[in-house]
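Heads up, the thing below is written out as structure tokens.
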Amino acid sequence: MSLAGGEQRRRAGGEPGRRVGRIERATKETSVLVEVDLDGTGTVDVSTGVGFYDHMLNQLGKHGLFDLTVKTEGDLHIDSHHTIEDTAIALGAAFREALGDKSGIRRFGSASCPLDEALAQVTVDLSGRPYLVHSEPGNMAPMIGPDYDVTLTRHILESFVAQAAICLHVHVPYGRNAHHIVEAQFKALARALREASEPDPRATGVPSTKGVL
């Protein structure tokens with residue numbers, strides 16, 4: 001598939017019966033491979049070159065019980081922006097692929113996760129319509145570690161939501177430590193996605209009056 005700017009993306013489905021997504025995405029700035037198995041056990045193999053981001057993606061896989069592989073090589077000699085953004089784009093696309101037609105899933109999920117003084121509240125609808133509402137304390141330290149700009153958290157979520165085609169509300173009503181504030185969001189996101197994507201034993205077909213999601 002050819003995309004704007006000469007970007008190339010290859011999609012490949014998983015084995016029959018498994019909800020697996022695989023995305024390879026290459027631009028002049030980054031090369032990204034993402035594989036996700038929604039029915040995994042939380043096995044994670046992540047390497048983006050951005051330590052704190054790796055830590056957050058590990059939270060996503062572990063607490064969502066998603067088997068997750070992420071391999072990114074980016075232009076970190078410039079800064080971490082392209083690496084973080086393009087990984088989030090590929091991650092969202094992989095989730096969308098893994099969800100398939102969304103038949104038999106719960107569709108909605110919500111979770112609240114505390115981390116010491118911080119609290120994150122996340123609600124998700126696997127709606128097929130991208131929409132993000134995001135709020136967090138505005139007085140955080142600007143950087144976590146040497147290469148994670150805290151303003152990128154919202155951008156990660158925007159990129160993920162756009163490609164996964166989901167409705168996502170993330171709210172952090174309070175918190176002081178930037179590390180805690182961001183990590184709580186990823187943990188709550190993982191739990192909400194896990195609930196929303198789980199099979200509903202009482203449901204048949206696509207959980208929408210439209211018949212499609």
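Ligands are numbered from 1 in the order shown, residues from 1 within each chain, and chains are lettered A, B, ... in the order they appear in the structure tokens.
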Using only C-alpha atoms, which residues sit within 6 Å of segment 162-166 of chain A once same-chain residues fewer than 4 positions away are excluded, as a list of chain:residue names? A:Gly92, A:Ala93, A:Phe95, A:Arg96, A:Asp125, A:Leu126, A:Ser127, A:Gly128, A:Arg129, A:Pro130
So that I have them on file, write out the residues from the current selection with N, CA, C and O atoms, as a CSV table (one decimal), in the first residue's frame.
```csv
chain,number,residue,atom,x,y,z
A,92,GLY,N,-1.5,1.8,16.6
A,92,GLY,CA,-3.0,1.9,16.4
A,92,GLY,C,-3.4,1.1,15.2
A,92,GLY,O,-4.5,0.4,15.3
A,93,ALA,N,-2.7,1.1,14.1
A,93,ALA,CA,-3.0,0.3,12.9
A,93,ALA,C,-3.0,-1.2,13.2
A,93,ALA,O,-3.9,-1.9,12.7
A,95,PHE,N,-3.6,-2.6,16.2
A,95,PHE,CA,-4.8,-2.9,17.0
A,95,PHE,C,-6.0,-3.0,16.1
A,95,PHE,O,-6.9,-3.9,16.3
A,96,ARG,N,-6.2,-2.1,15.2
A,96,ARG,CA,-7.3,-2.1,14.3
A,96,ARG,C,-7.4,-3.4,13.5
A,96,ARG,O,-8.5,-4.0,13.3
A,125,ASP,N,-14.4,3.3,23.6
A,125,ASP,CA,-15.4,2.7,22.7
A,125,ASP,C,-14.7,2.3,21.4
A,125,ASP,O,-14.2,3.2,20.7
A,126,LEU,N,-14.7,1.1,21.1
A,126,LEU,CA,-14.1,0.6,19.9
A,126,LEU,C,-15.1,0.8,18.7
A,126,LEU,O,-15.6,-0.1,18.1
A,127,SER,N,-15.4,2.1,18.5
A,127,SER,CA,-16.5,2.5,17.7
A,127,SER,C,-16.3,2.5,16.2
A,127,SER,O,-17.3,2.6,15.4
A,128,GLY,N,-15.1,2.6,15.7
A,128,GLY,CA,-14.8,2.8,14.3
A,128,GLY,C,-14.7,4.2,14.0
A,128,GLY,O,-14.5,4.6,12.8
A,129,ARG,N,-14.9,5.1,15.0
A,129,ARG,CA,-14.9,6.6,14.7
A,129,ARG,C,-13.8,7.2,15.6
A,129,ARG,O,-14.0,7.2,16.9
A,130,PRO,N,-12.8,7.7,15.1
A,130,PRO,CA,-11.7,8.3,15.9
A,130,PRO,C,-12.1,9.6,16.7
A,130,PRO,O,-12.6,10.5,16.0
```
Can you check which parts of segment 133-212 of chain A lie within 8 Å of segment 50-66 of chain A? Per residue, the shortest pair of atoms and distance in Å to one decimal, counting only C-alpha atoms, sorted by chain and number, as JSON lines.
```
{"residue": "A:Ile144", "atom": "CA", "partner": "A:Phe52", "partner_atom": "CA", "distance": 7.3}
{"residue": "A:Gly145", "atom": "CA", "partner": "A:Phe52", "partner_atom": "CA", "distance": 7.0}
{"residue": "A:Asp147", "atom": "CA", "partner": "A:Val50", "partner_atom": "CA", "distance": 6.6}
{"residue": "A:Tyr148", "atom": "CA", "partner": "A:Phe52", "partner_atom": "CA", "distance": 6.7}
{"residue": "A:Glu183", "atom": "CA", "partner": "A:Met56", "partner_atom": "CA", "distance": 6.3}
{"residue": "A:Phe186", "atom": "CA", "partner": "A:Leu60", "partner_atom": "CA", "distance": 5.9}
{"residue": "A:Lys187", "atom": "CA", "partner": "A:Gln59", "partner_atom": "CA", "distance": 5.8}
{"residue": "A:Leu189", "atom": "CA", "partner": "A:Leu60", "partner_atom": "CA", "distance": 7.2}
{"residue": "A:Ala190", "atom": "CA", "partner": "A:Gly64", "partner_atom": "CA", "distance": 4.4}
{"residue": "A:Arg191", "atom": "CA", "partner": "A:Gly64", "partner_atom": "CA", "distance": 5.2}
{"residue": "A:Ala192", "atom": "CA", "partner": "A:Gly64", "partner_atom": "CA", "distance": 7.9}
{"residue": "A:Leu193", "atom": "CA", "partner": "A:Gly64", "partner_atom": "CA", "distance": 6.7}
{"residue": "A:Arg194", "atom": "CA", "partner": "A:Gly64", "partner_atom": "CA", "distance": 4.9}
```
Selection: 6 Å around Ile89 of chain A, only C-alpha atoms, excl. self and same-chain fewer than 3 positions, as a compact mmCIF listing (two decimals) with N, CA, C and O atoms, in the first residue's frame:
```
# COMPACT_ATOMS: atom_id res chain seq x y z
N ASP A 86 5.60 7.82 15.12
CA ASP A 86 5.42 6.78 14.12
C ASP A 86 5.16 5.41 14.76
O ASP A 86 4.43 4.59 14.20
N GLY A 92 -1.53 1.76 16.60
CA GLY A 92 -2.97 1.90 16.38
C GLY A 92 -3.45 1.08 15.20
O GLY A 92 -4.50 0.42 15.26
N SER A 159 -2.42 9.88 17.80
CA SER A 159 -1.97 9.04 16.70
C SER A 159 -2.55 7.63 16.80
O SER A 159 -2.99 7.05 15.80
N PHE A 160 -2.57 7.10 18.00
CA PHE A 160 -3.13 5.76 18.23
C PHE A 160 -4.61 5.73 17.90
O PHE A 160 -5.10 4.84 17.19
```
Extract the full set of strand (DSSP E or B) residues from segment 150-192 of chain A according to DSSP on the backbone, and format it as a ChimeraX atom specification. /A:167-174
Just the number, please: distance in Å from atom CA of Ser103 of chain A to atom CA of Gly205 of chain A, one decimal.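 Between these atoms lies a distance of 4.7 Å.
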